[in-house]
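Coordinates as given in my_file_33.cif (mmCIF, C-alpha atoms):
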```
data_coords
#
loop_
_atom_site.group_PDB
_atom_site.id
_atom_site.type_symbol
_atom_site.label_atom_id
_atom_site.label_comp_id
_atom_site.auth_asym_id
_atom_site.auth_seq_id
_atom_site.Cartn_x
_atom_site.Cartn_y
_atom_site.Cartn_z
ATOM 1 C CA ASP A 9 -47.398 -76.433 28.962
ATOM 2 C CA LEU A 10 -45.574 -75.664 32.201
ATOM 3 C CA GLU A 11 -43.386 -72.934 30.740
ATOM 4 C CA GLN A 12 -46.374 -71.029 29.386
ATOM 5 C CA TYR A 13 -48.193 -71.379 32.709
ATOM 6 C CA ALA A 14 -45.169 -70.135 34.668
ATOM 7 C CA SER A 15 -44.728 -67.151 32.349
ATOM 8 C CA SER A 16 -48.045 -65.735 33.579
ATOM 9 C CA TYR A 17 -46.360 -65.112 36.954
ATOM 10 C CA SER A 18 -43.389 -62.910 37.741
ATOM 11 C CA GLY A 19 -40.825 -62.566 40.479
ATOM 12 C CA LEU A 20 -41.237 -64.513 43.678
ATOM 13 C CA MET A 21 -44.732 -65.698 42.731
ATOM 14 C CA ARG A 22 -43.325 -67.583 39.722
ATOM 15 C CA ILE A 23 -40.890 -69.428 41.969
ATOM 16 C CA GLU A 24 -43.596 -70.121 44.564
ATOM 17 C CA ARG A 25 -46.021 -71.405 41.902
ATOM 18 C CA LEU A 26 -43.386 -73.715 40.406
ATOM 19 C CA GLN A 27 -42.594 -75.086 43.864
ATOM 20 C CA PHE A 28 -46.306 -75.662 44.456
ATOM 21 C CA ILE A 29 -46.560 -77.566 41.162
ATOM 22 C CA ALA A 30 -43.493 -79.617 42.073
ATOM 23 C CA ASP A 31 -45.007 -80.504 45.456
ATOM 24 C CA HIS A 32 -48.407 -81.496 44.047
ATOM 25 C CA CYS A 33 -47.717 -82.963 40.589
ATOM 26 C CA PRO A 34 -45.167 -85.810 40.544
ATOM 27 C CA GLN A 35 -45.118 -85.958 36.726
ATOM 28 C CA LEU A 36 -43.946 -82.330 36.487
ATOM 29 C CA ARG A 37 -41.823 -82.255 39.657
ATOM 30 C CA VAL A 38 -38.369 -82.361 38.054
ATOM 31 C CA GLU A 39 -39.246 -79.946 35.244
ATOM 32 C CA ALA A 40 -40.885 -77.464 37.645
ATOM 33 C CA LEU A 41 -37.932 -77.571 40.035
ATOM 34 C CA LYS A 42 -35.440 -77.043 37.207
ATOM 35 C CA MET A 43 -37.410 -74.012 36.029
ATOM 36 C CA ALA A 44 -37.659 -72.657 39.574
ATOM 37 C CA LEU A 45 -33.926 -73.151 40.037
ATOM 38 C CA SER A 46 -33.122 -71.124 36.932
ATOM 39 C CA PHE A 47 -35.543 -68.336 37.932
ATOM 40 C CA VAL A 48 -34.298 -68.097 41.508
ATOM 41 C CA GLN A 49 -30.781 -67.439 40.215
ATOM 42 C CA ARG A 50 -32.065 -64.081 38.963
ATOM 43 C CA THR A 51 -32.706 -63.025 42.563
ATOM 44 C CA PHE A 52 -30.621 -62.526 45.694
ATOM 45 C CA ASN A 53 -32.354 -65.404 47.501
ATOM 46 C CA VAL A 54 -29.585 -67.956 48.026
ATOM 47 C CA ASP A 55 -31.503 -69.851 50.720
ATOM 48 C CA VAL A 56 -34.397 -70.583 48.343
ATOM 49 C CA TYR A 57 -31.878 -71.600 45.654
ATOM 50 C CA GLU A 58 -30.308 -74.133 48.016
ATOM 51 C CA GLU A 59 -33.736 -75.431 49.101
ATOM 52 C CA ILE A 60 -34.916 -75.897 45.501
ATOM 53 C CA HIS A 61 -31.640 -77.598 44.591
ATOM 54 C CA ARG A 62 -32.058 -79.985 47.524
ATOM 55 C CA LYS A 63 -35.620 -80.804 46.416
ATOM 56 C CA LEU A 64 -34.446 -81.325 42.832
ATOM 57 C CA THR A 65 -31.699 -83.689 43.976
ATOM 58 C CA GLU A 66 -34.228 -85.694 46.009
ATOM 59 C CA ALA A 67 -36.701 -85.782 43.113
ATOM 60 C CA THR A 68 -34.125 -87.056 40.630
ATOM 61 C CA ARG A 69 -32.978 -89.667 43.144
ATOM 62 C CA GLN A 70 -36.584 -90.861 43.510
ATOM 63 C CA PHE A 71 -36.965 -91.106 39.733
ATOM 64 C CA LYS A 72 -33.758 -93.138 39.516
ATOM 65 C CA ASP A 73 -35.266 -95.583 42.016
ATOM 66 C CA VAL A 74 -38.322 -96.103 39.764
ATOM 67 C CA GLN A 75 -36.419 -96.602 36.524
ATOM 68 C CA GLY A 76 -38.171 -99.917 36.030
ATOM 69 C CA VAL A 77 -41.280 -97.939 35.044
ATOM 70 C CA PRO A 78 -40.332 -96.004 31.872
ATOM 71 C CA ASP A 79 -43.369 -93.681 31.929
ATOM 72 C CA ALA A 80 -42.448 -92.438 35.409
ATOM 73 C CA VAL A 81 -39.073 -91.032 34.338
ATOM 74 C CA PRO A 82 -39.352 -87.703 32.516
ATOM 75 C CA GLU A 83 -36.717 -86.673 30.002
ATOM 76 C CA GLY A 84 -33.677 -85.028 31.565
ATOM 77 C CA ALA A 85 -34.438 -86.366 35.032
ATOM 78 C CA VAL A 86 -31.213 -88.338 35.258
ATOM 79 C CA GLU A 87 -28.946 -85.795 36.964
ATOM 80 C CA PRO A 88 -29.697 -82.476 38.643
ATOM 81 C CA PRO A 89 -27.438 -79.535 37.781
ATOM 82 C CA PRO A 90 -24.548 -79.149 40.230
ATOM 83 C CA LEU A 91 -24.968 -76.722 43.116
ATOM 84 C CA ASP A 92 -23.511 -73.410 41.928
ATOM 85 C CA THR A 93 -21.518 -72.465 45.019
ATOM 86 C CA ALA A 94 -19.684 -69.658 43.202
ATOM 87 C CA TRP A 95 -23.010 -68.004 42.343
ATOM 88 C CA ALA A 96 -24.273 -68.520 45.887
ATOM 89 C CA GLU A 97 -21.181 -66.963 47.451
ATOM 90 C CA SER A 98 -21.045 -63.968 45.099
ATOM 91 C CA THR A 99 -24.786 -63.375 45.479
ATOM 92 C CA ARG A 100 -24.518 -63.452 49.266
ATOM 93 C CA LYS A 101 -21.748 -60.835 49.069
ATOM 94 C CA LYS A 102 -23.764 -58.645 46.671
ATOM 95 C CA ALA A 103 -26.817 -58.895 48.913
ATOM 96 C CA LEU A 104 -24.786 -57.974 51.987
ATOM 97 C CA LEU A 105 -23.274 -54.955 50.212
ATOM 98 C CA LYS A 106 -26.697 -53.831 49.026
ATOM 99 C CA LEU A 107 -28.129 -54.231 52.529
ATOM 100 C CA GLU A 108 -25.272 -52.198 54.028
ATOM 101 C CA LYS A 109 -25.767 -49.451 51.432
ATOM 102 C CA LEU A 110 -29.512 -49.302 52.048
ATOM 103 C CA ASP A 111 -28.955 -49.255 55.808
ATOM 104 C CA THR A 112 -26.451 -46.404 55.465
ATOM 105 C CA ASP A 113 -28.838 -44.472 53.211
ATOM 106 C CA LEU A 114 -31.654 -44.956 55.707
ATOM 107 C CA LYS A 115 -29.512 -43.673 58.579
ATOM 108 C CA ASN A 116 -28.466 -40.664 56.487
ATOM 109 C CA TYR A 117 -32.056 -39.849 55.546
ATOM 110 C CA LYS A 118 -33.177 -40.154 59.158
ATOM 111 C CA GLY A 119 -30.353 -37.858 60.233
ATOM 112 C CA ASN A 120 -31.179 -35.299 57.557
ATOM 113 C CA SER A 121 -34.871 -35.209 58.395
ATOM 114 C CA ILE A 122 -34.160 -34.623 62.084
ATOM 115 C CA LYS A 123 -31.792 -31.740 61.277
ATOM 116 C CA GLU A 124 -34.364 -30.132 58.997
ATOM 117 C CA SER A 125 -37.052 -30.245 61.653
ATOM 118 C CA ILE A 126 -34.888 -28.441 64.245
#
```

Can you dump the structure from the file as structure tokens?
Amino acid sequence: DLEQYASSYSGLMRIERLQFIADHCPQLRVEALKMALSFVQRTFNVDVYEEIHRKLTEATRQFKDVQGVPDAVPEGAVEPPPLDTAWAESTRKKALLKLEKLDTDLKNYKGNSIKESI
């Protein structure tokens, strides 16, 4: 069971493992990409989200082309979920704000450590 296998990984490794499965196992490609897409939305990685969505769109298009072979089309492979541009935009903004905050904190800490050493 793919879901059970993926649950043994966490974070970025889960997404990477699901992408690996999608690249190497055509029977599980659509299911693995859908799972990876849902997991990547829990991160700030919009670029990976867009890449996985592109792969999922291509995979579902390929399965539509082979509809003459019923065993080749997994359940739910008809349409990929739409690209969530609202999530992508808000996540990019959140990531930028977090990066700015961390950068400011780093500059402050560097400044404080220099003052203490004088």

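Once the PyMOL selection byres ((chain A and resi 14-27) around 8) is applied to this file, the selection holds Leu10, Glu11, Gln12, Tyr13, Phe28, Ile29, Ala30, Asp31, Ala40, Leu41, Met43, Ala44, Phe47, Val48 and Ile60 of chain A.
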
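Distances from A:His32, A:Arg69, A:Lys106, A:Lys118 to A:Phe52 were compared using all atoms listed in the file, and the smallest one belongs to A:Lys106.
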
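Note that atom CA of A:Gln70 and atom CA of A:Tyr57 are 19.9 Å apart.
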
What is the distance between atom CA of A:Pro90 and atom CA of A:Ala103, in Å to one decimal?
22.2 Å

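Interatomic distance, atom CA of A:Lys63 against atom CA of A:Arg37: 9.3 Å.
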
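Excluding A:His61 and any residue on its chain fewer than 2 positions from it, the residues at most 9 Å away by all atoms listed in the file are Leu41, Lys42, Leu45, Val56, Tyr57, Glu58, Glu59, Lys63, Leu64, Thr65, Glu66, Pro88, Pro89, Pro90 and Leu91 of chain A.
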
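Distances from A:Asn53, A:Asn120, A:Thr112, A:Ser46 to A:Ser98 were compared using only C-alpha atoms, and the smallest one belongs to A:Asn53.
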
Kindly compute an axis-aligned box around the listed atoms of stretch 35-42 of chain A, allowing 4 Å on each side, and express its centre and edge lengths in Å to one decimal as JSON.
```
{"center_x": -40.3, "center_y": -81.5, "center_z": 37.6, "size_x": 17.7, "size_y": 16.9, "size_z": 12.8}
```

If you count only C-alpha atoms, the residue of A:Val54, A:Leu114, A:Ala67, A:Cys33 closest to A:Lys101 turns out to be A:Val54

Because some atoms of stretch 29-65 of chain A are absent here, can you restore N, CA and C atoms and send them as a tab-separated table (two decimals), keeping the file's coordinate frame?
```tsv
chain	number	residue	atom	x	y	z
A	29	ILE	N	-46.34	-76.54	42.19
A	29	ILE	CA	-46.56	-77.57	41.16
A	29	ILE	C	-45.67	-78.77	41.44
A	30	ALA	N	-44.42	-78.52	41.79
A	30	ALA	CA	-43.49	-79.62	42.07
A	30	ALA	C	-43.96	-80.45	43.27
A	31	ASP	N	-44.53	-79.79	44.26
A	31	ASP	CA	-45.01	-80.50	45.46
A	31	ASP	C	-46.27	-81.32	45.19
A	32	HIS	N	-47.10	-80.87	44.24
A	32	HIS	CA	-48.41	-81.50	44.05
A	32	HIS	C	-48.57	-82.30	42.76
A	33	CYS	N	-47.60	-82.24	41.86
A	33	CYS	CA	-47.72	-82.96	40.59
A	33	CYS	C	-46.43	-83.75	40.32
A	34	PRO	N	-46.39	-85.02	40.70
A	34	PRO	CA	-45.17	-85.81	40.54
A	34	PRO	C	-44.65	-85.89	39.10
A	35	GLN	N	-45.55	-85.85	38.12
A	35	GLN	CA	-45.12	-85.96	36.73
A	35	GLN	C	-44.32	-84.72	36.29
A	36	LEU	N	-44.62	-83.58	36.87
A	36	LEU	CA	-43.95	-82.33	36.49
A	36	LEU	C	-42.91	-81.87	37.51
A	37	ARG	N	-42.69	-82.67	38.55
A	37	ARG	CA	-41.82	-82.26	39.66
A	37	ARG	C	-40.43	-81.82	39.20
A	38	VAL	N	-39.75	-82.67	38.44
A	38	VAL	CA	-38.37	-82.36	38.05
A	38	VAL	C	-38.33	-81.13	37.15
A	39	GLU	N	-39.22	-81.08	36.17
A	39	GLU	CA	-39.25	-79.95	35.24
A	39	GLU	C	-39.55	-78.64	35.98
A	40	ALA	N	-40.52	-78.67	36.89
A	40	ALA	CA	-40.88	-77.46	37.65
A	40	ALA	C	-39.74	-77.01	38.54
A	41	LEU	N	-39.05	-77.94	39.17
A	41	LEU	CA	-37.93	-77.57	40.03
A	41	LEU	C	-36.76	-77.02	39.23
A	42	LYS	N	-36.51	-77.58	38.05
A	42	LYS	CA	-35.44	-77.04	37.21
A	42	LYS	C	-35.76	-75.62	36.77
A	43	MET	N	-37.01	-75.37	36.41
A	43	MET	CA	-37.41	-74.01	36.03
A	43	MET	C	-37.29	-73.06	37.22
A	44	ALA	N	-37.74	-73.50	38.38
A	44	ALA	CA	-37.66	-72.66	39.57
A	44	ALA	C	-36.21	-72.35	39.92
A	45	LEU	N	-35.35	-73.34	39.75
A	45	LEU	CA	-33.93	-73.15	40.04
A	45	LEU	C	-33.32	-72.09	39.12
A	46	SER	N	-33.67	-72.13	37.85
A	46	SER	CA	-33.12	-71.12	36.93
A	46	SER	C	-33.69	-69.73	37.22
A	47	PHE	N	-34.96	-69.64	37.62
A	47	PHE	CA	-35.54	-68.34	37.93
A	47	PHE	C	-35.00	-67.76	39.23
A	48	VAL	N	-34.76	-68.60	40.22
A	48	VAL	CA	-34.30	-68.10	41.51
A	48	VAL	C	-32.88	-67.55	41.40
A	49	GLN	N	-32.13	-67.97	40.39
A	49	GLN	CA	-30.78	-67.44	40.22
A	49	GLN	C	-30.80	-66.00	39.72
A	50	ARG	N	-31.94	-65.49	39.37
A	50	ARG	CA	-32.06	-64.08	38.96
A	50	ARG	C	-32.34	-63.19	40.16
A	51	THR	N	-32.41	-63.78	41.35
A	51	THR	CA	-32.71	-63.02	42.56
A	51	THR	C	-31.49	-63.05	43.48
A	52	PHE	N	-31.66	-62.48	44.67
A	52	PHE	CA	-30.62	-62.53	45.69
A	52	PHE	C	-30.90	-63.62	46.73
A	53	ASN	N	-31.89	-64.45	46.50
A	53	ASN	CA	-32.35	-65.40	47.50
A	53	ASN	C	-31.59	-66.73	47.42
A	54	VAL	N	-30.45	-66.77	48.06
A	54	VAL	CA	-29.58	-67.96	48.03
A	54	VAL	C	-30.21	-69.11	48.82
A	55	ASP	N	-30.89	-68.79	49.91
A	55	ASP	CA	-31.50	-69.85	50.72
A	55	ASP	C	-32.56	-70.63	49.93
A	56	VAL	N	-33.38	-69.92	49.16
A	56	VAL	CA	-34.40	-70.58	48.34
A	56	VAL	C	-33.72	-71.39	47.24
A	57	TYR	N	-32.63	-70.86	46.67
A	57	TYR	CA	-31.88	-71.60	45.65
A	57	TYR	C	-31.40	-72.94	46.22
A	58	GLU	N	-30.82	-72.90	47.40
A	58	GLU	CA	-30.31	-74.13	48.02
A	58	GLU	C	-31.44	-75.10	48.35
A	59	GLU	N	-32.58	-74.58	48.79
A	59	GLU	CA	-33.74	-75.43	49.10
A	59	GLU	C	-34.28	-76.10	47.83
A	60	ILE	N	-34.42	-75.33	46.76
A	60	ILE	CA	-34.92	-75.90	45.50
A	60	ILE	C	-33.93	-76.92	44.96
A	61	HIS	N	-32.64	-76.64	45.07
A	61	HIS	CA	-31.64	-77.60	44.59
A	61	HIS	C	-31.72	-78.90	45.38
A	62	ARG	N	-31.92	-78.79	46.68
A	62	ARG	CA	-32.06	-79.98	47.52
A	62	ARG	C	-33.28	-80.80	47.09
A	63	LYS	N	-34.41	-80.11	46.86
A	63	LYS	CA	-35.62	-80.80	46.42
A	63	LYS	C	-35.41	-81.46	45.06
A	64	LEU	N	-34.70	-80.78	44.16
A	64	LEU	CA	-34.45	-81.32	42.83
A	64	LEU	C	-33.56	-82.56	42.92
A	65	THR	N	-32.57	-82.52	43.78
A	65	THR	CA	-31.70	-83.69	43.98
A	65	THR	C	-32.50	-84.87	44.50
```
